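Peer 1: Sharing my_file.pdb below, PDB, C-alpha atoms:
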MODEL        1
ATOM      1  CA  MET M   1      49.876  15.239  82.676
ATOM      2  CA  GLY M   2      52.808  17.490  81.945
ATOM      3  CA  THR M   3      52.900  21.195  81.405
ATOM      4  CA  GLY M   4      54.112  21.083  77.810
ATOM      5  CA  ASN M   5      52.284  22.053  74.644
ATOM      6  CA  VAL M   6      48.502  22.019  75.187
ATOM      7  CA  MET M   7      47.809  20.328  71.856
ATOM      8  CA  ASP M   8      50.294  17.574  72.674
ATOM      9  CA  GLU M   9      48.573  17.046  76.021
ATOM     10  CA  ALA M  10      45.165  16.915  74.334
ATOM     11  CA  ILE M  11      46.398  14.283  71.860
ATOM     12  CA  ALA M  12      47.851  12.237  74.718
ATOM     13  CA  TRP M  13      44.547  12.385  76.621
ATOM     14  CA  HIS M  14      42.621  11.324  73.550
ATOM     15  CA  VAL M  15      44.841   8.274  73.155
ATOM     16  CA  ARG M  16      44.728   7.319  76.859
ATOM     17  CA  LEU M  17      40.947   7.567  77.080
ATOM     18  CA  GLN M  18      40.543   5.051  74.255
ATOM     19  CA  GLY M  19      42.812   2.481  75.915
ATOM     20  CA  PRO M  20      42.078  -0.385  78.303
ATOM     21  CA  MET M  21      43.222   1.634  81.354
ATOM     22  CA  ALA M  22      40.487   4.290  81.001
ATOM     23  CA  ASP M  23      38.887   3.730  84.393
ATOM     24  CA  GLY M  24      37.028   6.095  86.675
ATOM     25  CA  ALA M  25      40.208   7.494  88.200
ATOM     26  CA  LEU M  26      41.603   8.369  84.790
ATOM     27  CA  TRP M  27      38.374  10.077  83.779
ATOM     28  CA  ALA M  28      38.436  12.084  87.016
ATOM     29  CA  GLU M  29      41.993  13.169  86.256
ATOM     30  CA  PHE M  30      40.959  14.068  82.699
ATOM     31  CA  THR M  31      38.018  16.132  83.979
ATOM     32  CA  ALA M  32      40.324  18.076  86.294
ATOM     33  CA  TRP M  33      42.657  18.780  83.362
ATOM     34  CA  MET M  34      39.751  20.003  81.208
ATOM     35  CA  GLU M  35      38.493  22.345  83.930
ATOM     36  CA  ALA M  36      41.930  23.769  84.725
ATOM     37  CA  ASP M  37      42.025  25.994  81.630
ATOM     38  CA  PRO M  38      39.475  26.783  78.858
ATOM     39  CA  ALA M  39      42.304  26.250  76.351
ATOM     40  CA  HIS M  40      42.399  22.578  77.352
ATOM     41  CA  ALA M  41      38.784  22.019  76.296
ATOM     42  CA  ASP M  42      39.354  23.870  73.024
ATOM     43  CA  ALA M  43      42.427  21.788  72.249
ATOM     44  CA  TYR M  44      40.657  18.522  73.075
ATOM     45  CA  ASP M  45      37.698  19.446  70.833
ATOM     46  CA  ALA M  46      40.122  20.168  68.006
ATOM     47  CA  VAL M  47      41.887  16.821  68.467
ATOM     48  CA  ALA M  48      38.595  14.907  68.524
ATOM     49  CA  LEU M  49      37.511  16.675  65.342
ATOM     50  CA  ALA M  50      40.802  15.847  63.635
ATOM     51  CA  ASP M  51      40.454  12.215  64.780
ATOM     52  CA  ASP M  52      37.024  11.998  63.139
ATOM     53  CA  ARG M  53      38.372  13.385  59.884
ATOM     54  CA  LEU M  54      41.388  11.090  59.953
ATOM     55  CA  SER M  55      39.142   8.091  60.602
ATOM     56  CA  ASP M  56      37.069   8.902  57.530
ATOM     57  CA  GLU M  57      40.175   9.291  55.388
ATOM     58  CA  LEU M  58      41.668   6.032  56.592
ATOM     59  CA  ALA M  59      38.399   4.176  56.040
ATOM     60  CA  GLU M  60      38.521   5.179  52.371
ATOM     61  CA  THR M  61      42.207   4.282  51.911
ATOM     62  CA  PRO M  62      43.052   0.754  50.687
ATOM     63  CA  VAL M  63      45.426  -1.014  53.046
ATOM     64  CA  ALA M  64      48.075  -3.296  51.627
ATOM     65  CA  GLU M  65      47.746  -6.932  52.672
ATOM     66  CA  LYS M  66      50.010  -7.846  55.537
ATOM     67  CA  ASP M  67      51.863 -11.059  56.233
ATOM     68  CA  THR M  68      49.452 -12.829  58.575
ATOM     69  CA  ARG M  69      52.056 -15.280  59.889
ATOM     70  CA  ARG M  70      52.755 -14.851  63.602
ATOM     71  CA  ALA M  71      55.832 -15.724  65.561
ATOM     72  CA  THR M  72      55.376 -18.250  68.345
ATOM     73  CA  ASN M  73      55.992 -15.583  70.979
ATOM     74  CA  ASP M  74      53.388 -13.119  69.595
ATOM     75  CA  ASN M  75      50.876 -11.812  72.091
ATOM     76  CA  GLU M  76      47.156 -11.996  71.522
ATOM     77  CA  PRO M  77      45.758  -8.870  69.878
ATOM     78  CA  GLY M  78      45.026  -6.161  72.426
ATOM     79  CA  VAL M  79      42.470  -3.410  72.397
ATOM     80  CA  ARG M  80      42.246  -1.817  68.963
ATOM     81  CA  PRO M  81      43.812   1.649  68.571
ATOM     82  CA  TRP M  82      41.588   4.723  68.880
ATOM     83  CA  PHE M  83      41.310   5.416  65.133
ATOM     84  CA  ARG M  84      40.148   3.037  62.376
ATOM     85  CA  ARG M  85      42.309   0.023  63.071
ATOM     86  CA  THR M  86      44.924  -0.126  60.327
ATOM     87  CA  ALA M  87      48.618  -0.932  60.361
ATOM     88  CA  PHE M  88      49.375   1.958  62.731
ATOM     89  CA  LEU M  89      50.589   1.269  66.279
ATOM     90  CA  SER M  90      48.886   3.048  69.146
ATOM     91  CA  VAL M  91      52.252   4.256  70.472
ATOM     92  CA  ALA M  92      52.592   6.303  67.261
ATOM     93  CA  ALA M  93      49.115   7.780  67.523
ATOM     94  CA  SER M  94      50.280  11.216  68.603
ATOM     95  CA  LEU M  95      52.665  11.496  65.672
ATOM     96  CA  VAL M  96      50.088  10.247  63.154
ATOM     97  CA  LEU M  97      47.447  12.665  64.402
ATOM     98  CA  ALA M  98      49.881  15.560  64.329
ATOM     99  CA  LEU M  99      50.694  14.781  60.692
ATOM    100  CA  PHE M 100      47.049  14.611  59.676
ATOM    101  CA  LEU M 101      45.774  17.619  61.625
ATOM    102  CA  SER M 102      44.336  20.069  59.143
ATOM    103  CA  PRO M 103      46.019  23.468  58.692
ATOM    104  CA  PHE M 104      43.471  25.380  60.739
ATOM    105  CA  LEU M 105      44.489  23.413  63.820
ATOM    106  CA  LEU M 106      48.212  23.877  63.302
ATOM    107  CA  ARG M 107      47.951  27.619  63.794
ATOM    108  CA  SER M 108      51.029  29.757  63.720
ATOM    109  CA  PRO M 109      51.853  31.616  66.938
ATOM    110  CA  GLY M 110      51.560  34.972  65.165
ATOM    111  CA  MET M 111      47.777  35.231  65.069
ATOM    112  CA  GLU M 112      46.367  38.614  64.133
ATOM    113  CA  VAL M 113      44.139  40.210  66.770
ATOM    114  CA  ILE M 114      41.430  42.501  65.393
ATOM    115  CA  MET M 115      39.334  44.647  67.698
ATOM    116  CA  THR M 116      36.469  47.091  67.230
ATOM    117  CA  ASN M 117      35.413  49.765  69.672
ATOM    118  CA  PRO M 118      31.779  50.056  70.791
ATOM    119  CA  GLY M 119      29.875  51.843  68.035
ATOM    120  CA  GLU M 120      32.407  50.748  65.391
ATOM    121  CA  THR M 121      31.936  48.024  62.770
ATOM    122  CA  ARG M 122      34.471  46.442  60.447
ATOM    123  CA  GLU M 123      34.561  43.869  57.654
ATOM    124  CA  ILE M 124      37.432  41.435  57.154
ATOM    125  CA  ALA M 125      38.004  39.933  53.696
ATOM    126  CA  LEU M 126      39.676  36.521  53.655
ATOM    127  CA  GLY M 127      41.777  35.131  50.837
ATOM    128  CA  ASP M 128      39.232  32.483  49.786
ATOM    129  CA  GLY M 129      36.424  34.999  49.269
ATOM    130  CA  SER M 130      34.863  34.560  52.714
ATOM    131  CA  THR M 131      34.126  37.611  54.859
ATOM    132  CA  ILE M 132      33.721  38.313  58.564
ATOM    133  CA  ALA M 133      31.786  41.417  59.651
ATOM    134  CA  LEU M 134      32.473  42.605  63.197
ATOM    135  CA  ASN M 135      29.987  44.440  65.392
ATOM    136  CA  GLY M 136      31.166  46.993  67.933
ATOM    137  CA  GLY M 137      33.073  45.906  71.044
ATOM    138  CA  THR M 138      34.365  42.739  69.392
ATOM    139  CA  THR M 139      37.718  40.950  69.579
ATOM    140  CA  ILE M 140      38.591  38.222  67.090
ATOM    141  CA  ARG M 141      41.798  36.378  66.207
ATOM    142  CA  ILE M 142      42.617  35.116  62.728
ATOM    143  CA  ASP M 143      45.635  33.463  61.167
ATOM    144  CA  ARG M 144      46.419  34.895  57.730
ATOM    145  CA  LYS M 145      48.427  31.750  56.950
ATOM    146  CA  ALA M 146      45.493  29.455  57.776
ATOM    147  CA  GLU M 147      42.382  31.498  57.063
ATOM    148  CA  ARG M 148      39.924  28.658  57.633
ATOM    149  CA  PHE M 149      40.066  29.397  61.352
ATOM    150  CA  ALA M 150      38.968  32.213  63.670
ATOM    151  CA  ARG M 151      38.767  32.647  67.421
ATOM    152  CA  LEU M 152      35.977  34.930  68.665
ATOM    153  CA  ASP M 153      37.063  36.095  72.108
ATOM    154  CA  THR M 154      34.175  38.443  72.779
ATOM    155  CA  GLY M 155      31.541  40.420  70.946
ATOM    156  CA  GLU M 156      29.567  39.627  67.811
ATOM    157  CA  ALA M 157      30.411  38.776  64.211
ATOM    158  CA  ILE M 158      28.626  37.469  61.140
ATOM    159  CA  PHE M 159      30.504  34.966  59.000
ATOM    160  CA  THR M 160      29.817  34.617  55.273
ATOM    161  CA  ILE M 161      31.848  31.545  54.412
ATOM    162  CA  LYS M 162      32.784  30.054  51.059
ATOM    163  CA  HIS M 163      32.248  26.372  51.771
ATOM    164  CA  ASP M 164      35.021  23.843  51.222
ATOM    165  CA  SER M 165      34.139  20.333  52.408
ATOM    166  CA  ALA M 166      37.818  19.371  52.451
ATOM    167  CA  ARG M 167      38.732  22.352  54.645
ATOM    168  CA  PRO M 168      35.746  23.364  56.798
ATOM    169  CA  PHE M 169      35.874  26.778  58.411
ATOM    170  CA  VAL M 170      36.169  26.542  62.196
ATOM    171  CA  VAL M 171      35.231  29.191  64.754
ATOM    172  CA  GLU M 172      36.424  28.750  68.315
ATOM    173  CA  THR M 173      34.651  30.508  71.180
ATOM    174  CA  GLY M 174      34.916  30.332  74.940
ATOM    175  CA  ASP M 175      31.781  28.176  74.988
ATOM    176  CA  GLY M 176      32.475  25.710  72.204
ATOM    177  CA  THR M 177      33.628  25.155  68.647
ATOM    178  CA  LEU M 178      31.641  25.749  65.449
ATOM    179  CA  ARG M 179      32.248  24.174  62.034
ATOM    180  CA  ASP M 180      30.617  25.571  58.899
ATOM    181  CA  LEU M 181      28.649  23.399  56.484
ATOM    182  CA  GLY M 182      28.194  26.048  53.791
ATOM    183  CA  THR M 183      26.983  28.982  55.743
ATOM    184  CA  ILE M 184      26.073  32.525  56.688
ATOM    185  CA  PHE M 185      25.892  32.638  60.461
ATOM    186  CA  ASN M 186      26.052  35.167  63.271
ATOM    187  CA  VAL M 187      27.935  34.466  66.505
ATOM    188  CA  ARG M 188      27.566  36.395  69.764
ATOM    189  CA  GLN M 189      30.021  35.585  72.570
ATOM    190  CA  SER M 190      29.606  37.215  75.970
ATOM    191  CA  ALA M 191      30.124  36.524  79.644
ATOM    192  CA  ASN M 192      26.660  34.923  79.670
ATOM    193  CA  GLY M 193      27.495  32.352  77.007
ATOM    194  CA  LEU M 194      27.207  31.704  73.286
ATOM    195  CA  GLU M 195      24.465  32.456  70.764
ATOM    196  CA  VAL M 196      24.576  31.355  67.109
ATOM    197  CA  GLY M 197      21.982  32.251  64.480
ATOM    198  CA  VAL M 198      22.066  30.723  60.990
ATOM    199  CA  SER M 199      20.794  32.567  57.929
ATOM    200  CA  GLU M 200      21.921  30.193  55.207
ATOM    201  CA  GLY M 201      23.281  26.641  55.138
ATOM    202  CA  SER M 202      24.120  25.174  58.531
ATOM    203  CA  VAL M 203      26.812  24.990  61.195
ATOM    204  CA  GLN M 204      27.833  22.242  63.569
ATOM    205  CA  TYR M 205      28.333  23.049  67.233
ATOM    206  CA  ASP M 206      30.842  21.038  69.256
ATOM    207  CA  PRO M 207      31.808  18.880  66.233
ATOM    208  CA  GLY M 208      34.198  16.678  68.193
ATOM    209  CA  ALA M 209      31.571  15.512  70.692
ATOM    210  CA  ARG M 210      27.832  16.217  70.590
ATOM    211  CA  ALA M 211      27.854  17.562  67.010
ATOM    212  CA  VAL M 212      24.643  19.618  67.228
ATOM    213  CA  THR M 213      23.675  20.774  63.716
ATOM    214  CA  VAL M 214      22.056  24.215  63.461
ATOM    215  CA  ALA M 215      20.256  24.741  60.148
ATOM    216  CA  ALA M 216      19.097  27.957  58.488
ATOM    217  CA  GLY M 217      16.286  29.550  60.459
ATOM    218  CA  LYS M 218      17.554  28.132  63.738
ATOM    219  CA  GLN M 219      19.361  29.643  66.702
ATOM    220  CA  LEU M 220      21.549  27.869  69.235
ATOM    221  CA  ARG M 221      22.154  29.117  72.753
ATOM    222  CA  VAL M 222      24.624  27.808  75.298
ATOM    223  CA  GLN M 223      24.392  29.432  78.716
ATOM    224  CA  ARG M 224      27.712  29.848  80.500
ATOM    225  CA  GLY M 225      28.163  27.124  83.098
ATOM    226  CA  LYS M 226      25.568  24.831  81.506
ATOM    227  CA  SER M 227      26.460  22.102  79.023
ATOM    228  CA  ALA M 228      23.073  21.805  77.296
ATOM    229  CA  ALA M 229      22.690  23.555  73.936
ATOM    230  CA  VAL M 230      19.183  24.877  73.215
ATOM    231  CA  VAL M 231      18.065  25.223  69.574
ATOM    232  CA  THR M 232      15.016  27.343  68.668
ATOM    233  CA  ALA M 233      13.448  28.703  65.477
ATOM    234  CA  ILE M 234      14.169  32.248  64.261
ATOM    235  CA  ASP M 235      13.539  34.347  61.170
ATOM    236  CA  PRO M 236      16.576  33.837  58.890
ATOM    237  CA  ALA M 237      16.257  37.463  57.775
ATOM    238  CA  SER M 238      16.904  38.606  61.345
ATOM    239  CA  VAL M 239      20.384  37.042  61.435
ATOM    240  CA  GLY M 240      23.034  39.759  61.476
ATOM    241  CA  GLY M 241      20.354  42.449  61.482
ATOM    242  CA  TRP M 242      22.668  44.668  63.546
ATOM    243  CA  ARG M 243      24.374  45.625  60.280
ATOM    244  CA  GLN M 244      21.174  47.433  59.253
ATOM    245  CA  GLY M 245      20.564  48.810  62.740
ATOM    246  CA  ARG M 246      17.918  46.190  63.528
ATOM    247  CA  LEU M 247      18.164  44.158  66.739
ATOM    248  CA  SER M 248      15.800  41.169  66.849
ATOM    249  CA  TYR M 249      15.040  39.273  70.051
ATOM    250  CA  HIS M 250      13.103  36.262  71.229
ATOM    251  CA  ASP M 251      12.828  35.945  75.001
ATOM    252  CA  ALA M 252      16.019  37.956  75.561
ATOM    253  CA  SER M 253      16.948  39.511  78.897
ATOM    254  CA  LEU M 254      17.165  43.279  79.278
ATOM    255  CA  ALA M 255      20.769  42.751  80.395
ATOM    256  CA  MET M 256      21.576  41.291  76.966
ATOM    257  CA  ILE M 257      19.696  44.077  75.197
ATOM    258  CA  ALA M 258      21.628  46.712  77.154
ATOM    259  CA  LEU M 259      24.887  45.040  76.129
ATOM    260  CA  ASP M 260      23.828  45.014  72.457
ATOM    261  CA  LEU M 261      22.811  48.685  72.593
ATOM    262  CA  SER M 262      26.172  49.597  74.118
ATOM    263  CA  ARG M 263      27.931  47.691  71.329
ATOM    264  CA  SER M 264      25.905  49.367  68.587
ATOM    265  CA  LEU M 265      25.813  52.918  69.930
ATOM    266  CA  GLY M 266      29.278  53.220  71.443
ATOM    267  CA  THR M 267      27.591  54.644  74.549
ATOM    268  CA  PRO M 268      27.437  52.652  77.814
ATOM    269  CA  VAL M 269      23.948  51.289  78.497
ATOM    270  CA  THR M 270      23.215  49.582  81.801
ATOM    271  CA  VAL M 271      20.102  48.144  83.414
ATOM    272  CA  SER M 272      19.200  48.167  87.093
ATOM    273  CA  PRO M 273      19.646  44.774  88.797
ATOM    274  CA  ASP M 274      15.927  44.380  89.472
ATOM    275  CA  LEU M 275      15.221  44.568  85.718
ATOM    276  CA  ALA M 276      18.211  42.670  84.359
ATOM    277  CA  SER M 277      16.370  39.362  83.979
ATOM    278  CA  ARG M 278      13.143  40.796  82.511
ATOM    279  CA  ARG M 279      12.447  39.214  79.101
ATOM    280  CA  PHE M 280      11.620  40.861  75.781
ATOM    281  CA  SER M 281      10.656  39.602  72.321
ATOM    282  CA  GLY M 282      10.527  41.961  69.379
ATOM    283  CA  VAL M 283      12.616  44.242  67.174
ATOM    284  CA  ILE M 284      14.525  47.362  68.202
ATOM    285  CA  ARG M 285      15.578  49.764  65.471
ATOM    286  CA  VAL M 286      18.737  51.574  66.495
ATOM    287  CA  ASP M 287      18.353  55.324  66.053
ATOM    288  CA  ARG M 288      21.541  57.397  66.189
ATOM    289  CA  ASP M 289      19.485  60.119  67.835
ATOM    290  CA  GLU M 290      19.914  58.589  71.285
ATOM    291  CA  ALA M 291      17.362  60.772  73.037
ATOM    292  CA  ARG M 292      14.684  59.723  70.543
ATOM    293  CA  LEU M 293      15.764  56.071  70.682
ATOM    294  CA  PHE M 294      15.515  55.851  74.461
ATOM    295  CA  ARG M 295      12.146  57.610  74.510
ATOM    296  CA  GLN M 296      10.927  54.835  72.215
ATOM    297  CA  LEU M 297      12.558  52.184  74.405
ATOM    298  CA  GLU M 298      10.765  53.480  77.483
ATOM    299  CA  SER M 299       7.450  52.620  75.845
ATOM    300  CA  LEU M 300       8.665  49.447  74.105
ATOM    301  CA  LEU M 301      10.403  47.902  77.132
ATOM    302  CA  GLY M 302       8.256  49.405  79.870
ATOM    303  CA  VAL M 303      11.224  51.085  81.578
ATOM    304  CA  HIS M 304      12.495  54.511  82.466
ATOM    305  CA  ALA M 305      15.645  55.647  80.625
ATOM    306  CA  ARG M 306      17.926  58.013  82.519
ATOM    307  CA  HIS M 307      20.920  59.728  80.928
ATOM    308  CA  SER M 308      24.051  60.853  82.757
ATOM    309  CA  ALA M 309      27.712  61.463  82.077
ATOM    310  CA  LYS M 310      28.233  57.706  82.442
ATOM    311  CA  GLY M 311      25.721  56.845  79.682
ATOM    312  CA  TRP M 312      22.168  55.503  79.798
ATOM    313  CA  GLN M 313      20.564  53.455  82.532
ATOM    314  CA  LEU M 314      17.289  51.548  82.257
ATOM    315  CA  THR M 315      15.315  51.541  85.518
ATOM    316  CA  ARG M 316      11.741  51.087  86.706
TER     317      ARG M 316
ENDMDL
END
Please render this file's structure as structure tokens.
Peer 2:
Amino acid sequence: MGTGNVMDEAIAWHVRLQGPMADGALWAEFTAWMEADPAHADAYDAVALADDRLSDELAETPVAEKDTRRATNDNEPGVRPWFRRTAFLSVAASLVLALFLSPFLLRSPGMEVIMTNPGETREIALGDGSTIALNGGTTIRIDRKAERFARLDTGEAIFTIKHDSARPFVVETGDGTLRDLGTIFNVRQSANGLEVGVSEGSVQYDPGARAVTVAAGKQLRVQRGKSAAVVTAIDPASVGGWRQGRLSYHDASLAMIALDLSRSLGTPVTVSPDLASRRFSGVIRVDRDEARLFRQLESLLGVHARHSAKGWQLTR
């Protein structure tokens, strides 16, 4: 494929993969394109989602009767186009899809980048009444001209979304795309992968492909480098508990807990390599008196907490 606009390339791939020439070699080429850049996978997910929405719209739209007479040199009908087979020609598929892509996909290049420092929180009010609360150490991108879209680059945020079935709110992350279904949900994006907890309503993970629905009282985890999404039960009241200084865990690694403490306190917290994978389930209440907090953590986590100029380290 060419090196032009990523969305154009994604549309072209979507069309080619639905055609009669989609053999093993083409799929291998497509896989290489997907793995070349995380932006390729994000763009393809967005195109597949838009295709699904366009298909539904076209299925509900009456189509005028066509003249069924055929010229003597007409070819036999070929493979049907990739969307609901109406009067459109497959060669125009890219143009049709571009016209029907919802506003959150046609993002302007001037996206606003909002960042919080460790220990800092911030709330973003959107024009439709939705809000996004950012935990410390978080980077998010929003488009003020198309506020039904956000890109969480890293960190943690809780989304309180005013549902609009005609314009679902979409959150992109490095490990997949989320679409709200009337929702309050918390998203944590880190180098280890993606974690989504739902307090109210539901969200859909990877809507253009697997479409895993995560309902209230459920948590989805996607480990970096693994395609399987794991959904488990959680207490809905624990979702976004970081806003009240309450960190709830179920079978979480100490490495993740150290990262969360760093984000909440604004002080670096590390864990020795031999303890990084140790698991913990329970609730940690963040105390701004760090000395008192880490004395409690020593007993709670079964570790030794050592303080230095570089921050806190959890060791045996």
Peer 1: Write out as a ChimeraX atom specification the residues lying within 7 Å of segment 218-234 of chain M, counting only C-alpha atoms and excluding same-chain residues fewer than 4 positions away.
Peer 2: /M:192-198,214
Peer 1: Using all atoms listed in the file, determine which residues lie at most 12 Å from Leu247 of chain M, disregarding the query and same-chain residues fewer than 3 positions distant; provide the list as a list in words.
Peer 2: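 The contact residues come out as Asn135, Ala237, Ser238, Val239, Gly240, Gly241, Trp242, Arg243, Gln244, His250, Ala252, Met256, Ile257, Ala258, Leu259, Asp260, Leu261, Arg263, Ser264, Phe280, Ser281, Gly282, Val283, Ile284, Arg285, Val286 and Asp287 of chain M.
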Peer 1: Please determine, counting only C-alpha atoms, which residue among M:Ser248, M:Thr315, M:Thr154, M:Ser165 has the shortest atom-to-atom distance to Gln189 of chain M.
Peer 2: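 Closest to Gln189 of chain M of all the choices is M:Thr154.
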Peer 1: Got a sec: who's within 10 Å of segment 117-132 of chain M, counting all atoms listed in the file, leaving out chain neighbours fewer than 6 positions off, as a ChimeraX atom specification?
Peer 2: /M:138-140,142,144-148,150,155,157-164,169,184-186,242-243,260-268
Peer 1: For atom CA of Val187 of chain M and atom CA of Trp33 of chain M, determine how far apart the two atoms are, in Å to one decimal place.
Peer 2: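 Taking atom CA of Val187 of chain M and atom CA of Trp33 of chain M, their separation equals 27.3 Å.
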Peer 1: Could you check how far atom CA of Ala12 of chain M sits from atom CA of Leu26 of chain M, in Å to one decimal?
Peer 2: 12.5 Å
Peer 1: What is the atom CA of Gly174 of chain M to atom CA of Val113 of chain M distance in Å?
Peer 2: 15.8 Å
Peer 1: Ranking M:Thr270, M:Ser299, M:Gly208, M:Glu290 by minimum distance to Gln313 of chain M and counting all atoms listed in the file, which one comes first?
Peer 2: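 Checking each of M:Thr270, M:Ser299, M:Gly208, M:Glu290 against Gln313 of chain M, counting all atoms listed in the file, the winner is M:Thr270.
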Peer 1: Near segment 304-308 of chain M, counting all atoms listed in the file, which residues have an atom at most 10 Å away, once you skip same-chain residues fewer than 2 positions from it, shown as number ranges by chain?
Peer 2: M: 269-271, 290-291, 293-299, 301-302, 310-316
Peer 1: To verify the selection step, state as a JSON list (two decimals) with C-alpha atoms, keeping the file's coordinate frame which residues the PyMOL selection byres ((chain M and resi 201) around 8) yields on this input.
Peer 2:
[["chain", "number", "residue", "atom", "x", "y", "z"],
["M", 181, "LEU", "CA", 28.65, 23.40, 56.48],
["M", 182, "GLY", "CA", 28.19, 26.05, 53.79],
["M", 183, "THR", "CA", 26.98, 28.98, 55.74],
["M", 184, "ILE", "CA", 26.07, 32.52, 56.69],
["M", 198, "VAL", "CA", 22.07, 30.72, 60.99],
["M", 199, "SER", "CA", 20.79, 32.57, 57.93],
["M", 200, "GLU", "CA", 21.92, 30.19, 55.21],
["M", 202, "SER", "CA", 24.12, 25.17, 58.53],
["M", 203, "VAL", "CA", 26.81, 24.99, 61.20],
["M", 215, "ALA", "CA", 20.26, 24.74, 60.15],
["M", 216, "ALA", "CA", 19.10, 27.96, 58.49]]
Peer 1: Smallest atom-to-atom distance to Ser272 of chain M: which of M:Val303, M:Asp175, M:Ala211, M:Arg188, using all atoms listed in the file?
Peer 2: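 Checking each of M:Val303, M:Asp175, M:Ala211, M:Arg188 against Ser272 of chain M, counting all atoms listed in the file, the winner is M:Val303.
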Peer 1: Counting only C-alpha atoms, which residue out of M:Tyr249, M:Phe149, M:Phe30, M:Trp13 sits closest to Met111 of chain M?
Peer 2: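 Among the listed residues, M:Phe149 lies closest to Met111 of chain M.
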Peer 1: With distances taken over all atoms listed in the file, which residue among M:Ser277, M:Thr173, M:Ser253, M:Ser190 lies nearest Gly137 of chain M?
Peer 2: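 Of all the options, M:Ser190 lies closest to Gly137 of chain M.
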Peer 1: Taking into account only C-alpha atoms, which residue in the set M:Ala41, M:Gly217, M:Ala46, M:Arg278 is nearest to Pro236 of chain M?
Peer 2: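 Smallest separation from Pro236 of chain M among the options: M:Gly217.
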